[in-house]
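Pasting run.pdb here (PDB, C-alpha atoms and all ligand atoms):
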ATOM      1  CA  MET A 793      -5.357 -27.137  -2.633  1.00  0.00           C
ATOM      2  CA  ALA A 794      -7.732 -26.547  -5.535  1.00  0.00           C
ATOM      3  CA  GLU A 795      -8.744 -22.978  -6.238  1.00  0.00           C
ATOM      4  CA  GLU A 796     -12.236 -22.127  -5.054  1.00  0.00           C
ATOM      5  CA  THR A 797     -14.782 -21.596  -7.776  1.00  0.00           C
ATOM      6  CA  PRO A 798     -16.489 -18.205  -7.429  1.00  0.00           C
ATOM      7  CA  THR A 799     -20.172 -18.310  -6.601  1.00  0.00           C
ATOM      8  CA  ASN A 800     -22.656 -16.949  -9.138  1.00  0.00           C
ATOM      9  CA  LYS A 801     -23.010 -13.807  -7.014  1.00  0.00           C
ATOM     10  CA  GLU A 802     -19.222 -13.261  -6.902  1.00  0.00           C
ATOM     11  CA  ALA A 803     -18.890 -13.902 -10.635  1.00  0.00           C
ATOM     12  CA  LEU A 804     -21.686 -11.399 -11.338  1.00  0.00           C
ATOM     13  CA  GLU A 805     -20.042  -8.789  -9.090  1.00  0.00           C
ATOM     14  CA  LEU A 806     -16.740  -9.297 -10.895  1.00  0.00           C
ATOM     15  CA  MET A 807     -18.394  -8.903 -14.292  1.00  0.00           C
ATOM     16  CA  ASN A 808     -20.093  -5.700 -13.125  1.00  0.00           C
ATOM     17  CA  GLU A 809     -16.769  -4.342 -11.845  1.00  0.00           C
ATOM     18  CA  GLN A 810     -15.037  -5.193 -15.130  1.00  0.00           C
ATOM     19  CA  GLN A 811     -17.764  -3.397 -17.066  1.00  0.00           C
ATOM     20  CA  THR A 812     -17.460  -0.352 -14.796  1.00  0.00           C
ATOM     21  CA  CYS A 813     -13.699  -0.283 -15.396  1.00  0.00           C
ATOM     22  CA  ILE A 814     -14.049  -0.638 -19.175  1.00  0.00           C
ATOM     23  CA  GLU A 815     -16.366   2.374 -19.169  1.00  0.00           C
ATOM     24  CA  CYS A 816     -14.184   4.375 -16.747  1.00  0.00           C
ATOM     25  CA  GLN A 817     -10.532   3.648 -17.719  1.00  0.00           C
ATOM     26  CA  GLU A 818      -9.362   6.536 -15.540  1.00  0.00           C
ATOM     27  CA  CYS A 819      -6.566   4.754 -13.637  1.00  0.00           C
ATOM     28  CA  CYS A 820      -4.916   3.769 -16.948  1.00  0.00           C
ATOM     29  CA  LYS A 821      -4.510   7.463 -17.781  1.00  0.00           C
ATOM     30  CA  TRP A 822      -2.248   8.592 -14.948  1.00  0.00           C
ATOM     31  CA  LEU A 823       1.278   7.792 -13.822  1.00  0.00           C
ATOM     32  CA  THR A 824       1.946   8.547 -10.155  1.00  0.00           C
ATOM     33  CA  VAL A 825       5.216   9.516  -8.537  1.00  0.00           C
ATOM     34  CA  VAL A 826       5.490  10.116  -4.811  1.00  0.00           C
ATOM     35  CA  TRP A 827       7.572  12.900  -3.307  1.00  0.00           C
ATOM     36  CA  ASP A 828       8.629  13.538   0.255  1.00  0.00           C
ATOM     37  CA  ARG A 829       7.020  16.844   1.218  1.00  0.00           C
ATOM     38  CA  GLY A 830      10.401  18.113   2.490  1.00  0.00           C
ATOM     39  CA  GLN A 831      11.912  17.780  -0.990  1.00  0.00           C
ATOM     40  CA  PHE A 832       8.913  19.046  -2.911  1.00  0.00           C
ATOM     41  CA  THR A 833       9.843  22.662  -3.585  1.00  0.00           C
ATOM     42  CA  PRO A 834       7.426  25.276  -4.991  1.00  0.00           C
ATOM     43  CA  ASP A 835       9.442  25.132  -8.212  1.00  0.00           C
ATOM     44  CA  LEU A 836       8.827  21.375  -8.520  1.00  0.00           C
ATOM     45  CA  ARG A 837       5.105  21.911  -7.916  1.00  0.00           C
ATOM     46  CA  HIS A 838       5.120  24.535 -10.657  1.00  0.00           C
ATOM     47  CA  PHE A 839       7.084  22.192 -12.964  1.00  0.00           C
ATOM     48  CA  TYR A 840       4.418  19.486 -12.605  1.00  0.00           C
ATOM     49  CA  ALA A 841       1.429  21.823 -12.515  1.00  0.00           C
ATOM     50  CA  ILE A 842       2.191  23.348 -15.920  1.00  0.00           C
ATOM     51  CA  ARG A 843       2.153  19.789 -17.329  1.00  0.00           C
ATOM     52  CA  GLY A 844      -1.395  19.222 -16.153  1.00  0.00           C
ATOM     53  CA  CYS A 845      -0.486  17.075 -13.155  1.00  0.00           C
ATOM     54  CA  ARG A 846      -2.745  16.820 -10.148  1.00  0.00           C
ATOM     55  CA  PHE A 847      -1.619  16.469  -6.547  1.00  0.00           C
ATOM     56  CA  THR A 848      -2.841  14.407  -3.605  1.00  0.00           C
ATOM     57  CA  GLU A 849      -1.317  15.186  -0.245  1.00  0.00           C
ATOM     58  CA  GLN A 850      -1.156  12.483   2.408  1.00  0.00           C
ATOM     59  CA  GLY A 851       0.876  13.157   5.551  1.00  0.00           C
ATOM     60  CA  ARG A 852       4.510  13.650   4.570  1.00  0.00           C
ATOM     61  CA  TRP A 853       3.883  12.371   1.049  1.00  0.00           C
ATOM     62  CA  ILE A 854       2.792  14.208  -2.055  1.00  0.00           C
ATOM     63  CA  HIS A 855       1.432  12.005  -4.829  1.00  0.00           C
ATOM     64  CA  VAL A 856       1.925  13.613  -8.219  1.00  0.00           C
ATOM     65  CA  CYS A 857      -0.353  12.197 -10.922  1.00  0.00           C
ATOM     66  CA  ILE A 858       1.070  12.805 -14.387  1.00  0.00           C
ATOM     67  CA  PRO A 859      -1.403  12.596 -17.278  1.00  0.00           C
ATOM     68  CA  THR A 860      -0.096   9.607 -19.266  1.00  0.00           C
ATOM     69  CA  ILE A 861      -2.471   7.435 -21.259  1.00  0.00           C
ATOM     70  CA  CYS A 862      -1.187   3.851 -21.407  1.00  0.00           C
ATOM     71  CA  SER A 863      -0.367   2.864 -24.978  1.00  0.00           C
ATOM     72  CA  HIS A 864      -2.389  -0.364 -24.540  1.00  0.00           C
ATOM     73  CA  LEU A 865      -5.611   1.446 -23.712  1.00  0.00           C
ATOM     74  CA  ARG A 866      -8.368   1.719 -26.315  1.00  0.00           C
ATOM     75  CA  PHE A 867     -11.439   3.824 -25.682  1.00  0.00           C
ATOM     76  CA  GLU A 868     -13.944   1.298 -27.017  1.00  0.00           C
ATOM     77  CA  ARG A 869     -12.226  -1.940 -25.907  1.00  0.00           C
ATOM     78  CA  GLY A 870     -10.314  -1.224 -22.724  1.00  0.00           C
ATOM     79  CA  CYS A 871      -6.920  -2.887 -22.191  1.00  0.00           C
ATOM     80  CA  LEU A 872      -5.605  -4.559 -25.351  1.00  0.00           C
ATOM     81  CA  ILE A 873      -3.275  -6.814 -23.349  1.00  0.00           C
ATOM     82  CA  TYR A 874      -5.726  -7.595 -20.544  1.00  0.00           C
ATOM     83  CA  GLU A 875      -4.621 -11.228 -20.044  1.00  0.00           C
ATOM     84  CA  GLU A 876      -0.904 -10.334 -20.206  1.00  0.00           C
ATOM     85  CA  ARG A 877      -1.053  -6.961 -18.454  1.00  0.00           C
ATOM     86  CA  PRO A 878       1.647  -6.303 -15.820  1.00  0.00           C
ATOM     87  CA  ASP A 879       1.127  -7.682 -12.320  1.00  0.00           C
ATOM     88  CA  VAL A 880       0.938  -4.135 -11.008  1.00  0.00           C
ATOM     89  CA  CYS A 881      -2.196  -3.668 -13.134  1.00  0.00           C
ATOM     90  CA  LYS A 882      -3.627  -7.045 -12.066  1.00  0.00           C
ATOM     91  CA  LYS A 883      -3.196  -6.220  -8.382  1.00  0.00           C
ATOM     92  CA  TYR A 884      -4.389  -2.638  -8.647  1.00  0.00           C
ATOM     93  CA  ASP A 885      -7.632  -1.641  -6.919  1.00  0.00           C
ATOM     94  CA  GLY A 886      -8.744   1.948  -7.447  1.00  0.00           C
ATOM     95  CA  ARG A 887     -10.699   1.801  -4.169  1.00  0.00           C
ATOM     96  CA  GLU A 888      -7.393   1.566  -2.275  1.00  0.00           C
ATOM     97  CA  ASP A 889      -5.621   4.312  -4.203  1.00  0.00           C
ATOM     98  CA  VAL A 890      -5.663   7.650  -2.378  1.00  0.00           C
ATOM     99  CA  THR A 891      -5.094   9.499  -5.663  1.00  0.00           C
ATOM    100  CA  MET A 892      -8.317   8.036  -7.088  1.00  0.00           C
ATOM    101  CA  LYS A 893     -10.564   9.077  -4.195  1.00  0.00           C
ATOM    102  CA  GLY A 894     -13.717  10.598  -5.686  1.00  0.00           C
ATOM    103  CA  ILE A 895     -12.663   9.438  -9.170  1.00  0.00           C
ATOM    104  CA  CYS A 896     -12.747   5.636  -9.030  1.00  0.00           C
ATOM    105  CA  LYS A 897     -16.248   4.418  -9.763  1.00  0.00           C
ATOM    106  CA  LEU A 898     -15.979   1.093  -7.945  1.00  0.00           C
ATOM    107  CA  VAL A 899     -17.795   1.034  -4.620  1.00  0.00           C
TER     108      VAL A 899
HETATM  109  S1  LIG A 901     -10.478   4.252 -11.582  1.00  0.00           S
HETATM  110 FE1  LIG A 901     -11.598   2.582 -10.576  1.00  0.00          FE
HETATM  111  S2  LIG A 901     -13.433   2.282 -11.795  1.00  0.00           S
HETATM  112 FE2  LIG A 901     -12.018   3.476 -13.016  1.00  0.00          FE
HETATM  113  S3  LIG A 901     -10.927   1.945 -14.244  1.00  0.00           S
HETATM  114 FE3  LIG A 901      -9.715   2.311 -12.416  1.00  0.00          FE
HETATM  115  S4  LIG A 901     -10.325   0.747 -10.921  1.00  0.00           S
HETATM  116 FE4  LIG A 901     -11.906   0.854 -12.539  1.00  0.00          FE
HETATM  117  S1  LIG A 902      -1.533  -2.349 -19.401  1.00  0.00           S
HETATM  118 FE1  LIG A 902      -3.756  -2.341 -19.533  1.00  0.00          FE
HETATM  119  S2  LIG A 902      -4.475  -2.331 -17.385  1.00  0.00           S
HETATM  120 FE2  LIG A 902      -2.316  -1.718 -17.412  1.00  0.00          FE
HETATM  121  S3  LIG A 902      -2.311   0.539 -17.492  1.00  0.00           S
HETATM  122 FE3  LIG A 902      -2.196  -0.226 -19.609  1.00  0.00          FE
HETATM  123  S4  LIG A 902      -4.295  -0.323 -20.321  1.00  0.00           S
HETATM  124 FE4  LIG A 902      -4.363  -0.175 -18.095  1.00  0.00          FE
END
Written as structure tokens, that's how I'd like the structure from this file.
Amino acid sequence: MAEETPTNKEALELMNEQQTCIECQECCKWLTVVWDRGQFTPDLRHFYAIRGCRFTEQGRWIHVCIPTICSHLRFERGCLIYEERPDVCKKYDGREDVTMKGICKLV
């Protein structure tokens, strides 16, 4: 089956979202690891905290966001490998990421 062509409205929304992301870039600046709360000792929290990490707690899980700017990110241009970026980047939606609540600018 042929792929559906986006309507003008959808194409405009996509362009607006892309522009918002180019100006934001926040999700390309963090690497997240997830810990089971039962294994996440105070010492581990301290270990990450002194490295500037931030924490998002969700049930039994603790999401640790490590400040790590992707080497392909450029302030003025966004992702340098946009067309060939990893699938994980292509599928990512900051609106669905609990660690980006209140940070992601997409609505
Ligand atoms: S945090 Fe949201 S708005 Fe910012 S770049 Fe990522 S997906 Fe786009
Ligand atoms: S490859 Fe591109 S989209 Fe993926 S994290 Fe790096 S700059 Fe962001």
Counting all atoms listed in the file, write as JSON, numbers by chain all protein and nucleic acid residues lying at most 10 Å from (3.2, 15.2, -12.2) in the file's frame.
{"A": [822, 823, 824, 825, 826, 836, 837, 838, 839, 840, 841, 842, 843, 844, 845, 846, 847, 855, 856, 857, 858, 859, 860]}
Could you give me, as number ranges by chain, the residues that have an atom at most 9 Å away from the point (-3.8, 7.1, -4.2) in the coordinates of the file, using all atoms listed in the file?
A: 824, 848, 850, 855, 886-893
Could you spell out the hits of the PyMOL selection byres (((not hetatm)) within 8 of (chain A and resi 901)) on the shown file, as number ranges by chain?
A: 809-810, 812-820, 884-887, 892, 895-898
Selection dump of the PyMOL selection byres (((not hetatm)) within 9 of (chain A and resi 902)), as a PyMOL selection string
chain A and resi 817-823+861-866+870-882+884
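For the atom pair formed by atom CA of Lys801 of chain A and atom CA of Lys883 of chain A, the distance is 21.3 Å, given to one decimal.
Matched in the shown structure by the PyMOL selection byres (((chain A and resi 827) around 6) and not hetatm): Val826, Asp828, Trp853 and Ile854 of chain A.
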